[in-house]
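Peer 1: entry26.txt is reproduced below (compact mmCIF, C-alpha atoms).
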```
# COMPACT_ATOMS: atom_id res chain seq x y z
CA MET U 13 0.00 0.00 0.00
CA ASP U 14 1.24 3.47 -0.91
CA ASP U 15 1.70 6.05 1.85
CA ALA U 16 -0.52 9.09 2.28
CA VAL U 17 1.67 12.13 2.85
CA ILE U 18 1.37 15.82 3.69
CA ILE U 19 3.14 18.06 1.18
CA ASP U 20 2.57 21.38 2.89
CA ALA U 21 0.37 23.02 5.51
CA VAL U 22 -0.55 26.63 6.25
CA ARG U 23 -2.98 28.62 8.34
CA SER U 24 -4.34 32.09 8.72
CA PRO U 25 -3.53 34.23 11.73
CA MET U 26 -6.07 33.86 14.52
CA GLY U 27 -8.44 36.81 14.83
CA LYS U 28 -10.69 37.53 17.78
CA GLY U 29 -14.12 36.12 17.03
CA LYS U 30 -16.16 39.25 17.67
CA PRO U 31 -17.15 42.39 15.75
CA GLY U 32 -14.01 44.40 15.19
CA GLY U 33 -11.75 41.37 15.35
CA ALA U 34 -8.85 41.38 12.91
CA LEU U 35 -10.58 38.96 10.50
CA SER U 36 -14.20 39.82 11.22
CA GLY U 37 -14.55 41.77 7.99
CA VAL U 38 -13.71 38.74 5.84
CA HIS U 39 -16.42 36.38 4.61
CA PRO U 40 -15.57 32.81 5.71
CA ALA U 41 -15.47 31.55 2.11
CA ASP U 42 -13.03 34.33 1.23
CA LEU U 43 -10.94 33.63 4.34
CA LEU U 44 -10.58 29.96 3.44
CA GLY U 45 -10.08 30.79 -0.23
CA GLN U 46 -7.13 33.06 0.56
CA VAL U 47 -5.47 30.38 2.70
CA VAL U 48 -5.93 27.68 0.06
CA SER U 49 -4.62 30.00 -2.64
CA ALA U 50 -1.49 30.62 -0.57
CA LEU U 51 -1.04 26.88 -0.02
CA LEU U 52 -1.26 25.96 -3.71
CA ALA U 53 0.96 28.87 -4.76
CA ARG U 54 3.56 27.74 -2.26
CA VAL U 55 3.74 24.19 -3.58
CA ASP U 56 3.32 25.31 -7.20
CA ILE U 57 0.78 22.65 -8.07
CA ASP U 58 -1.87 22.92 -10.79
CA PRO U 59 -5.27 23.23 -9.04
CA ALA U 60 -6.81 21.36 -11.97
CA THR U 61 -5.08 18.16 -10.82
CA VAL U 62 -6.80 18.16 -7.41
CA ASP U 63 -9.27 15.30 -6.98
CA ASP U 64 -11.28 16.75 -4.10
CA PHE U 65 -11.37 19.59 -1.59
CA MET U 66 -12.43 18.32 1.85
CA VAL U 67 -13.30 20.99 4.40
CA GLY U 68 -14.25 21.04 8.07
CA CYS U 69 -16.78 23.57 9.33
CA VAL U 70 -19.03 23.30 12.39
CA SER U 71 -21.65 26.04 12.18
CA GLN U 72 -22.97 25.43 8.69
CA ALA U 73 -25.48 28.25 8.86
CA GLY U 74 -25.72 31.73 7.40
CA GLU U 75 -22.56 32.59 5.48
CA GLN U 76 -21.19 29.10 6.12
CA SER U 77 -24.28 27.24 4.91
CA GLY U 78 -23.68 26.92 1.18
CA ASN U 79 -20.94 24.24 1.26
CA VAL U 80 -18.33 26.77 2.32
CA GLY U 81 -15.54 24.67 0.80
CA ARG U 82 -17.11 24.79 -2.64
CA MET U 83 -17.66 28.55 -2.38
CA ALA U 84 -14.07 29.09 -1.20
CA TRP U 85 -12.71 27.06 -4.12
CA LEU U 86 -14.78 28.86 -6.72
CA GLY U 87 -14.18 32.26 -5.17
CA ALA U 88 -10.45 31.67 -5.35
CA GLY U 89 -10.79 31.25 -9.12
CA PHE U 90 -9.94 27.55 -9.19
CA PRO U 91 -11.31 25.09 -11.81
CA GLU U 92 -15.00 24.31 -11.62
CA HIS U 93 -14.52 20.58 -12.21
CA VAL U 94 -12.90 20.08 -8.78
CA PRO U 95 -15.60 19.19 -6.20
CA SER U 96 -15.74 19.94 -2.49
CA VAL U 97 -17.42 18.50 0.55
CA THR U 98 -17.92 20.19 3.91
CA ILE U 99 -17.64 17.86 6.91
CA GLU U 100 -19.01 18.33 10.41
CA ARG U 101 -17.76 16.28 13.35
CA LYS U 102 -18.04 19.11 15.84
CA CYS U 103 -14.65 20.50 16.94
CA GLY U 104 -12.85 17.70 15.11
CA SER U 105 -14.38 18.58 11.74
CA SER U 106 -11.20 19.51 9.86
CA GLN U 107 -9.19 16.77 11.57
CA GLN U 108 -11.81 14.36 10.27
CA ALA U 109 -11.52 15.97 6.85
CA LEU U 110 -7.77 15.41 7.01
CA ASP U 111 -8.23 11.77 8.02
CA PHE U 112 -10.82 11.19 5.30
CA ALA U 113 -8.46 12.69 2.73
CA ALA U 114 -5.58 10.47 3.82
CA GLN U 115 -7.80 7.40 3.94
CA SER U 116 -9.11 8.11 0.43
CA VAL U 117 -5.51 8.26 -0.81
CA LEU U 118 -4.62 5.03 1.00
CA ALA U 119 -7.66 3.37 -0.56
CA GLY U 120 -6.58 4.47 -4.04
CA ALA U 121 -9.72 6.56 -4.55
CA ASN U 122 -7.79 9.86 -4.80
CA ASP U 123 -4.25 10.93 -5.58
CA ILE U 124 -4.34 14.62 -4.64
CA VAL U 125 -6.64 16.14 -2.01
CA VAL U 126 -6.68 19.63 -0.56
CA VAL U 127 -7.94 19.74 3.01
CA GLY U 128 -9.25 22.84 4.69
CA GLY U 129 -10.96 24.07 7.82
CA VAL U 130 -12.69 27.35 8.53
CA GLU U 131 -14.84 29.05 11.13
CA SER U 132 -15.76 32.71 11.28
CA MET U 133 -17.15 32.91 14.79
CA SER U 134 -17.55 36.67 14.59
CA ARG U 135 -19.90 36.35 11.61
CA VAL U 136 -21.52 32.97 12.35
CA PRO U 137 -21.83 32.72 16.14
CA MET U 138 -21.40 29.36 17.83
CA GLY U 139 -24.69 27.55 18.28
CA CYS U 140 -26.65 29.86 16.00
CA SER U 141 -27.92 26.96 13.89
CA ARG U 142 -29.87 25.46 16.82
CA ILE U 143 -31.30 28.53 18.54
CA GLY U 144 -34.73 27.56 19.85
CA MET U 145 -34.21 23.93 18.81
CA ASP U 146 -33.79 20.71 20.79
CA PRO U 147 -30.61 19.05 19.46
CA TYR U 148 -31.08 15.86 21.51
CA GLY U 149 -34.58 14.45 21.15
CA SER U 150 -36.68 12.79 23.81
CA SER U 151 -34.89 9.43 23.69
CA VAL U 152 -31.45 10.86 24.45
CA THR U 153 -32.90 13.08 27.17
CA ALA U 154 -34.58 10.05 28.72
CA ARG U 155 -31.43 7.92 28.54
CA TYR U 156 -29.31 10.58 30.25
CA ALA U 157 -32.02 12.01 32.51
CA PRO U 158 -32.24 14.64 33.75
CA GLY U 159 -30.27 15.59 30.63
CA LEU U 160 -26.89 16.27 29.12
CA VAL U 161 -24.91 19.34 30.13
CA SER U 162 -22.99 22.09 28.36
CA GLN U 163 -19.33 21.69 27.46
CA GLY U 164 -18.41 24.16 30.17
CA VAL U 165 -20.09 22.04 32.81
CA ALA U 166 -18.47 18.95 31.28
CA ALA U 167 -15.10 20.66 31.71
CA GLU U 168 -15.97 21.16 35.38
CA LEU U 169 -16.81 17.45 35.70
CA VAL U 170 -13.45 16.55 34.15
CA ALA U 171 -11.64 18.86 36.55
CA ALA U 172 -13.45 17.29 39.49
CA LYS U 173 -12.78 13.71 38.38
CA TRP U 174 -9.04 14.31 37.92
CA LYS U 175 -8.84 16.52 41.03
CA LEU U 176 -7.62 19.57 39.11
CA SER U 177 -7.74 22.75 41.16
CA ARG U 178 -8.43 26.27 39.98
CA ASP U 179 -4.71 26.96 40.47
CA ASP U 180 -3.84 24.00 38.23
CA LEU U 181 -6.13 25.24 35.47
CA ASP U 182 -4.99 28.85 35.65
CA ALA U 183 -1.31 27.85 35.70
CA TYR U 184 -1.88 25.78 32.58
CA ALA U 185 -3.58 28.73 30.89
CA VAL U 186 -0.63 30.99 31.68
CA ARG U 187 1.69 28.36 30.22
CA SER U 188 -0.33 28.33 26.98
CA HIS U 189 0.02 32.08 26.50
CA GLU U 190 3.71 32.09 27.45
CA LEU U 191 4.57 29.27 25.03
CA ALA U 192 2.55 30.78 22.18
CA ALA U 193 4.15 34.19 22.75
CA ALA U 194 7.62 32.65 22.79
CA ALA U 195 6.92 30.78 19.55
CA ALA U 196 5.58 33.91 17.87
CA ASP U 197 8.43 36.12 19.06
CA THR U 198 11.14 33.69 17.90
CA GLY U 199 9.62 33.08 14.46
CA GLY U 200 8.15 29.71 15.35
CA PHE U 201 4.87 30.49 13.57
CA ASP U 202 6.39 32.25 10.56
CA ARG U 203 6.38 29.22 8.28
CA GLU U 204 2.80 28.26 9.01
CA ILE U 205 1.02 31.63 8.90
CA VAL U 206 0.00 33.19 5.58
CA PRO U 207 -1.21 36.81 5.53
CA VAL U 208 -4.91 37.50 5.02
CA THR U 209 -6.10 40.54 3.12
CA VAL U 210 -8.95 42.35 4.87
CA PRO U 211 -11.30 44.96 3.42
CA GLY U 212 -9.95 48.48 3.86
CA GLY U 213 -6.96 47.52 5.98
CA ASP U 214 -3.44 46.18 5.99
CA PRO U 215 -2.97 42.42 5.62
CA VAL U 216 -3.21 40.52 8.91
CA SER U 217 -0.13 38.38 9.52
CA ARG U 218 0.04 37.82 13.30
CA ASP U 219 -2.21 36.08 15.80
CA GLU U 220 -4.43 38.57 17.60
CA SER U 221 -5.36 36.23 20.43
CA ILE U 222 -2.13 35.79 22.44
CA ARG U 223 -2.29 37.67 25.74
CA ARG U 224 1.26 38.55 26.73
CA GLY U 225 1.73 39.23 30.40
CA THR U 226 -1.02 36.86 31.53
CA THR U 227 -0.46 35.77 35.13
CA THR U 228 -2.18 33.45 37.55
CA GLU U 229 -2.92 36.46 39.73
CA LYS U 230 -4.84 38.13 36.91
CA LEU U 231 -6.69 34.93 36.03
CA ALA U 232 -7.62 34.35 39.67
CA GLY U 233 -9.82 37.45 39.51
CA LEU U 234 -12.10 35.99 36.83
CA LYS U 235 -15.46 34.58 37.84
CA PRO U 236 -16.45 30.99 36.99
CA ALA U 237 -18.25 31.01 33.67
CA PHE U 238 -20.71 28.15 34.16
CA ALA U 239 -21.78 28.27 37.82
CA ASP U 240 -25.37 27.12 38.24
CA GLU U 241 -27.19 26.14 41.43
CA ALA U 242 -29.29 23.45 39.76
CA VAL U 243 -26.24 21.86 38.18
CA HIS U 244 -24.36 22.03 41.48
CA ALA U 245 -27.20 20.19 43.20
CA ARG U 246 -26.90 17.46 40.60
CA PHE U 247 -23.09 17.33 40.77
CA PRO U 248 -22.06 18.47 44.26
CA GLY U 249 -18.39 17.72 43.57
CA ILE U 250 -18.08 20.63 41.15
CA SER U 251 -15.93 23.44 42.51
CA TRP U 252 -16.64 25.93 39.68
CA SER U 253 -13.10 26.46 38.40
CA ILE U 254 -13.65 26.96 34.66
CA THR U 255 -13.39 30.60 33.59
CA ALA U 256 -12.95 32.52 30.37
CA GLY U 257 -9.25 32.65 31.21
CA ASN U 258 -8.66 28.89 31.29
CA SER U 259 -10.92 28.10 28.34
CA SER U 260 -10.30 28.32 24.62
CA GLN U 261 -10.90 31.65 22.93
CA ILE U 262 -13.60 32.31 20.35
CA THR U 263 -11.72 33.16 17.16
CA ASP U 264 -11.88 33.42 13.38
CA GLY U 265 -9.45 31.34 11.37
CA ALA U 266 -8.73 28.93 8.54
CA ALA U 267 -6.11 26.33 7.68
CA ALA U 268 -5.26 24.20 4.65
CA LEU U 269 -3.07 21.20 3.82
CA LEU U 270 -2.14 19.32 0.67
CA VAL U 271 -2.38 15.52 0.92
CA THR U 272 -1.17 13.16 -1.81
CA SER U 273 0.06 9.64 -2.27
CA ALA U 274 3.81 9.20 -1.91
CA LYS U 275 3.92 7.95 -5.49
CA GLN U 276 2.11 11.03 -6.79
CA ALA U 277 4.41 13.31 -4.82
CA ALA U 278 7.45 11.67 -6.39
CA GLN U 279 5.98 12.00 -9.88
CA LEU U 280 5.33 15.71 -9.31
CA GLY U 281 8.72 16.32 -7.74
CA LEU U 282 7.15 17.31 -4.42
CA ARG U 283 8.93 16.66 -1.12
CA PRO U 284 6.53 15.40 1.58
CA ARG U 285 6.82 16.84 5.07
CA ALA U 286 5.16 13.92 6.86
CA ARG U 287 3.33 10.66 6.31
CA PHE U 288 0.19 9.43 8.04
CA HIS U 289 1.02 6.65 10.49
CA SER U 290 -2.28 5.72 12.16
CA PHE U 291 -5.79 6.99 12.83
CA ALA U 292 -8.51 6.42 15.40
CA VAL U 293 -11.90 7.71 16.41
CA ALA U 294 -13.56 6.98 19.72
CA GLY U 295 -16.63 7.76 21.72
CA ASP U 296 -16.93 8.18 25.47
CA ASP U 297 -19.45 9.30 28.06
CA PRO U 298 -21.46 12.16 26.49
CA LEU U 299 -22.05 13.62 29.93
CA THR U 300 -18.38 14.32 30.63
CA MET U 301 -18.13 14.81 26.86
CA LEU U 302 -14.48 15.92 26.74
CA THR U 303 -12.70 12.69 27.73
CA ALA U 304 -12.76 10.78 24.43
CA PRO U 305 -9.25 11.97 23.43
CA ILE U 306 -7.97 9.51 26.04
CA PRO U 307 -9.34 6.31 24.42
CA ALA U 308 -8.84 7.74 20.93
CA ALA U 309 -5.13 8.35 21.56
CA ARG U 310 -4.68 4.91 23.10
CA LYS U 311 -6.38 3.35 20.08
CA ALA U 312 -4.19 5.25 17.59
CA LEU U 313 -1.02 4.36 19.51
CA GLU U 314 -1.97 0.68 19.61
CA ARG U 315 -2.80 0.62 15.91
CA GLY U 316 0.50 2.31 15.13
CA GLY U 317 2.55 -0.01 17.33
CA LEU U 318 3.72 2.94 19.43
CA THR U 319 3.68 4.09 23.04
CA VAL U 320 3.20 7.60 24.33
CA ASP U 321 6.96 7.77 24.94
CA ASP U 322 7.47 7.54 21.16
CA ILE U 323 5.50 10.75 20.66
CA ALA U 324 7.80 13.76 20.37
CA HIS U 325 4.95 16.27 20.11
CA ALA U 326 1.33 15.90 21.18
CA GLU U 327 -1.37 18.41 20.28
CA VAL U 328 -4.34 18.00 22.61
CA ASN U 329 -6.86 20.70 21.84
CA GLU U 330 -7.17 23.12 24.72
CA ALA U 331 -10.94 23.42 24.64
CA PHE U 332 -10.59 23.88 28.40
CA ALA U 333 -7.45 23.52 30.51
CA SER U 334 -8.88 20.43 32.19
CA VAL U 335 -8.87 18.50 28.89
CA PRO U 336 -5.09 18.32 28.19
CA LEU U 337 -4.31 18.04 31.90
CA ALA U 338 -6.56 14.99 32.28
CA TRP U 339 -5.21 13.54 29.02
CA GLN U 340 -1.56 13.79 29.97
CA ALA U 341 -2.29 12.35 33.41
CA GLU U 342 -4.09 9.33 31.98
CA LEU U 343 -1.58 8.69 29.16
CA GLY U 344 1.45 9.33 31.34
CA ALA U 345 2.70 11.83 28.77
CA ASP U 346 5.64 14.14 29.37
CA PRO U 347 4.00 17.56 29.92
CA VAL U 348 6.87 19.23 28.05
CA ARG U 349 5.79 17.43 24.87
CA VAL U 350 2.11 18.40 25.16
CA ASN U 351 1.16 21.59 23.30
CA PRO U 352 4.72 22.95 23.45
CA ARG U 353 3.79 26.01 21.37
CA GLY U 354 0.66 26.83 23.31
CA GLY U 355 -2.84 25.87 22.30
CA ALA U 356 -6.38 27.08 21.92
CA ILE U 357 -6.32 28.97 25.22
CA ALA U 358 -3.78 31.31 23.64
CA LEU U 359 -4.33 30.80 19.91
CA GLY U 360 -8.09 30.38 19.95
CA HIS U 361 -10.45 27.68 18.77
CA PRO U 362 -12.12 28.54 15.44
CA LEU U 363 -14.19 25.37 15.63
CA GLY U 364 -14.07 23.95 12.12
CA ALA U 365 -10.50 25.12 11.51
CA SER U 366 -8.90 23.83 14.70
CA GLY U 367 -8.23 20.24 13.63
CA ALA U 368 -6.30 21.42 10.59
CA ARG U 369 -4.62 24.20 12.58
CA LEU U 370 -3.26 21.75 15.13
CA MET U 371 -1.65 19.67 12.39
CA VAL U 372 -0.13 22.75 10.75
CA THR U 373 1.46 23.82 14.03
CA MET U 374 2.59 20.31 14.96
CA LEU U 375 4.34 19.75 11.63
CA ALA U 376 6.33 22.97 11.94
CA ALA U 377 7.33 22.16 15.51
CA LEU U 378 8.40 18.59 14.67
CA GLU U 379 10.63 19.94 11.93
CA ALA U 380 12.11 22.61 14.17
CA ASN U 381 12.85 20.14 16.97
CA GLY U 382 13.76 17.08 14.91
CA GLY U 383 10.99 14.95 16.42
CA ARG U 384 9.80 11.86 14.58
CA TYR U 385 6.20 11.14 15.62
CA GLY U 386 3.44 13.61 16.36
CA LEU U 387 -0.02 12.85 17.74
CA GLN U 388 -2.98 15.18 17.69
CA THR U 389 -6.35 14.62 19.28
CA MET U 390 -9.45 16.71 19.59
CA CYS U 391 -12.41 16.44 21.96
CA GLU U 392 -15.76 16.79 20.27
CA ALA U 393 -19.28 17.53 21.46
CA GLY U 394 -21.33 14.45 22.23
CA GLY U 395 -18.35 12.66 23.76
CA MET U 396 -16.25 11.86 20.70
CA ALA U 397 -12.66 12.36 19.57
CA ASN U 398 -10.29 11.89 16.66
CA ALA U 399 -6.65 10.94 17.03
CA THR U 400 -4.10 11.12 14.23
CA ILE U 401 -0.43 10.14 14.32
CA VAL U 402 2.02 11.35 11.67
CA GLU U 403 5.69 10.64 11.09
CA ARG U 404 7.94 13.53 10.07
CA LEU U 405 9.88 12.90 6.87
```
Go ahead and render the structure in this file as structure tokens.
Peer 2:
Amino acid sequence: MDDAVIIDAVRSPMGKGKPGGALSGVHPADLLGQVVSALLARVDIDPATVDDFMVGCVSQAGEQSGNVGRMAWLGAGFPEHVPSVTIERKCGSSQQALDFAAQSVLAGANDIVVVGGVESMSRVPMGCSRIGMDPYGSSVTARYAPGLVSQGVAAELVAAKWKLSRDDLDAYAVRSHELAAAAADTGGFDREIVPVTVPGGDPVSRDESIRRGTTTEKLAGLKPAFADEAVHARFPGISWSITAGNSSQITDGAAALLVTSAKQAAQLGLRPRARFHSFAVAGDDPLTMLTAPIPAARKALERGGLTVDDIAHAEVNEAFASVPLAWQAELGADPVRVNPRGGAIALGHPLGASGARLMVTMLAALEANGGRYGLQTMCEAGGMANATIVERL
């Protein structure tokens, strides 16, 4: 079987996901289109040879409702005969798109696939597609009576189960900002970020989300974001430690990668940056919701014949600080190797783009540090997760 490989990977800067944010003036299809255009220009490949464009996007409503991948491709001026599909597996949407692309190459169904992810949270607010709607149905509500909880409450349940204090969570959040700032200031993100042109302004080329000078003292002053008396009565062990400061930021962003077969890369004279080693998806308790990266990572490691000690760089999406802290405790991972360039607490979590963004950042870091294997995993609403392991080439 031929290998599936990553030729190149880029992302946009991260813009604050609110009116006035650095990227808020850019339509999501245009944002993704600019990033894909930069990717294909960088590898100098003919867009007409692409078999498919697979895109992750969570809130497929409003400006993101018309198969945003297809609109991005056409808006960028690329050939009409290339199709696109927009995939939604909650926060893991573009990681799933990446896995589907690689699996289609391994199966021999495609030779060249562009993968993308996008979310404009300033223009298409999170949850807007289900306002006034019941997303569960009576059967799920009955099974998990008195009902499932929000992700914020789930993060509190994870913190309680793994005995993570408010100090633990805030210290981890400070670490995220410090590591991201250090990477940005030393050029660590330069290779992965492509500038985005915005209406009536200068191109945006730096992440807007990193908060330099964040301290535990400052974070300690923030109020818990999800405190609720009824929930506390149901789960008396909750200490209400999750705040805006130790949670991922709402941001706008996009990312794109080029995936081919190793044989096709050789024929085109392209040098792969990494090959796909193993994949896994897993489900877990939908009440705690955020714990599935643990079984997903174990499954991917087992399938790949590896242990966590073989992983030089792990990207565990920082949806909330409790998620990577619980993950590294359960896997026995070296904390130094987990999110060593910061994560979504500092860089933000543009939902549909985050899976692709994590891979973009991990590839650059593996190359900078000479690491061999990288693992990324992403918690997803409903108690699911993807895990993907790549080998640097």
Peer 1: Got a sec to check which residues sit within 8 Å of (3.5, 28.9, 22.5), counting only C-alpha atoms, and write them as number ranges by chain?
Peer 2: U: 187-196, 351-355, 358
Peer 1: Using all atoms listed in the file, which residues sit within 8 Å of segment 140-152 of chain U once same-chain residues fewer than 3 positions away are excluded, as a PyMOL selection string?
Peer 2: chain U and resi 71-73+136-137+155-156+159
Peer 1: Please indicate the distance in Å from atom CA of Ala232 of chain U to atom CA of Leu363 of chain U, rounded to one decimal place.
Peer 2: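 Taking atom CA of Ala232 of chain U and atom CA of Leu363 of chain U, their separation equals 26.5 Å.
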Peer 1: Counting only C-alpha atoms, what is within 7 Å of segment 95-100 of chain U, bar same-chain residues fewer than 4 positions away, as a list of chain:residue names?
Peer 2: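 The neighbour list is U:Asp64, U:Phe65, U:Met66, U:Val67, U:Gly68, U:Cys69, U:Val70, U:Asn79, U:Val80, U:Gly81, U:Arg82, U:Ser105, U:Ala109.
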Peer 1: Once you have the residues from the selection above, write them out as an mmCIF file, in the frame of the given file, restricted to C-alpha atoms.
Peer 2:
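Printed below is selection-v6.cif as written:
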```cif
data_model
loop_
_atom_site.group_PDB
_atom_site.id
_atom_site.type_symbol
_atom_site.label_atom_id
_atom_site.label_comp_id
_atom_site.auth_asym_id
_atom_site.auth_seq_id
_atom_site.Cartn_x
_atom_site.Cartn_y
_atom_site.Cartn_z
ATOM 1 C CA ASP U 64 -11.280 16.750 -4.100
ATOM 2 C CA PHE U 65 -11.370 19.590 -1.590
ATOM 3 C CA MET U 66 -12.430 18.320 1.850
ATOM 4 C CA VAL U 67 -13.300 20.990 4.400
ATOM 5 C CA GLY U 68 -14.250 21.040 8.070
ATOM 6 C CA CYS U 69 -16.780 23.570 9.330
ATOM 7 C CA VAL U 70 -19.030 23.300 12.390
ATOM 8 C CA ASN U 79 -20.940 24.240 1.260
ATOM 9 C CA VAL U 80 -18.330 26.770 2.320
ATOM 10 C CA GLY U 81 -15.540 24.670 0.800
ATOM 11 C CA ARG U 82 -17.110 24.790 -2.640
ATOM 12 C CA SER U 105 -14.380 18.580 11.740
ATOM 13 C CA ALA U 109 -11.520 15.970 6.850
#
```
Peer 1: Within 9 Å of segment 245-249 of chain U, counting all atoms listed in the file, which residues show up once you throw out same-chain ones fewer than 5 positions away? Write them as an NGL selection string, please.
Peer 2: :U and (169 or 172-173 or 240)
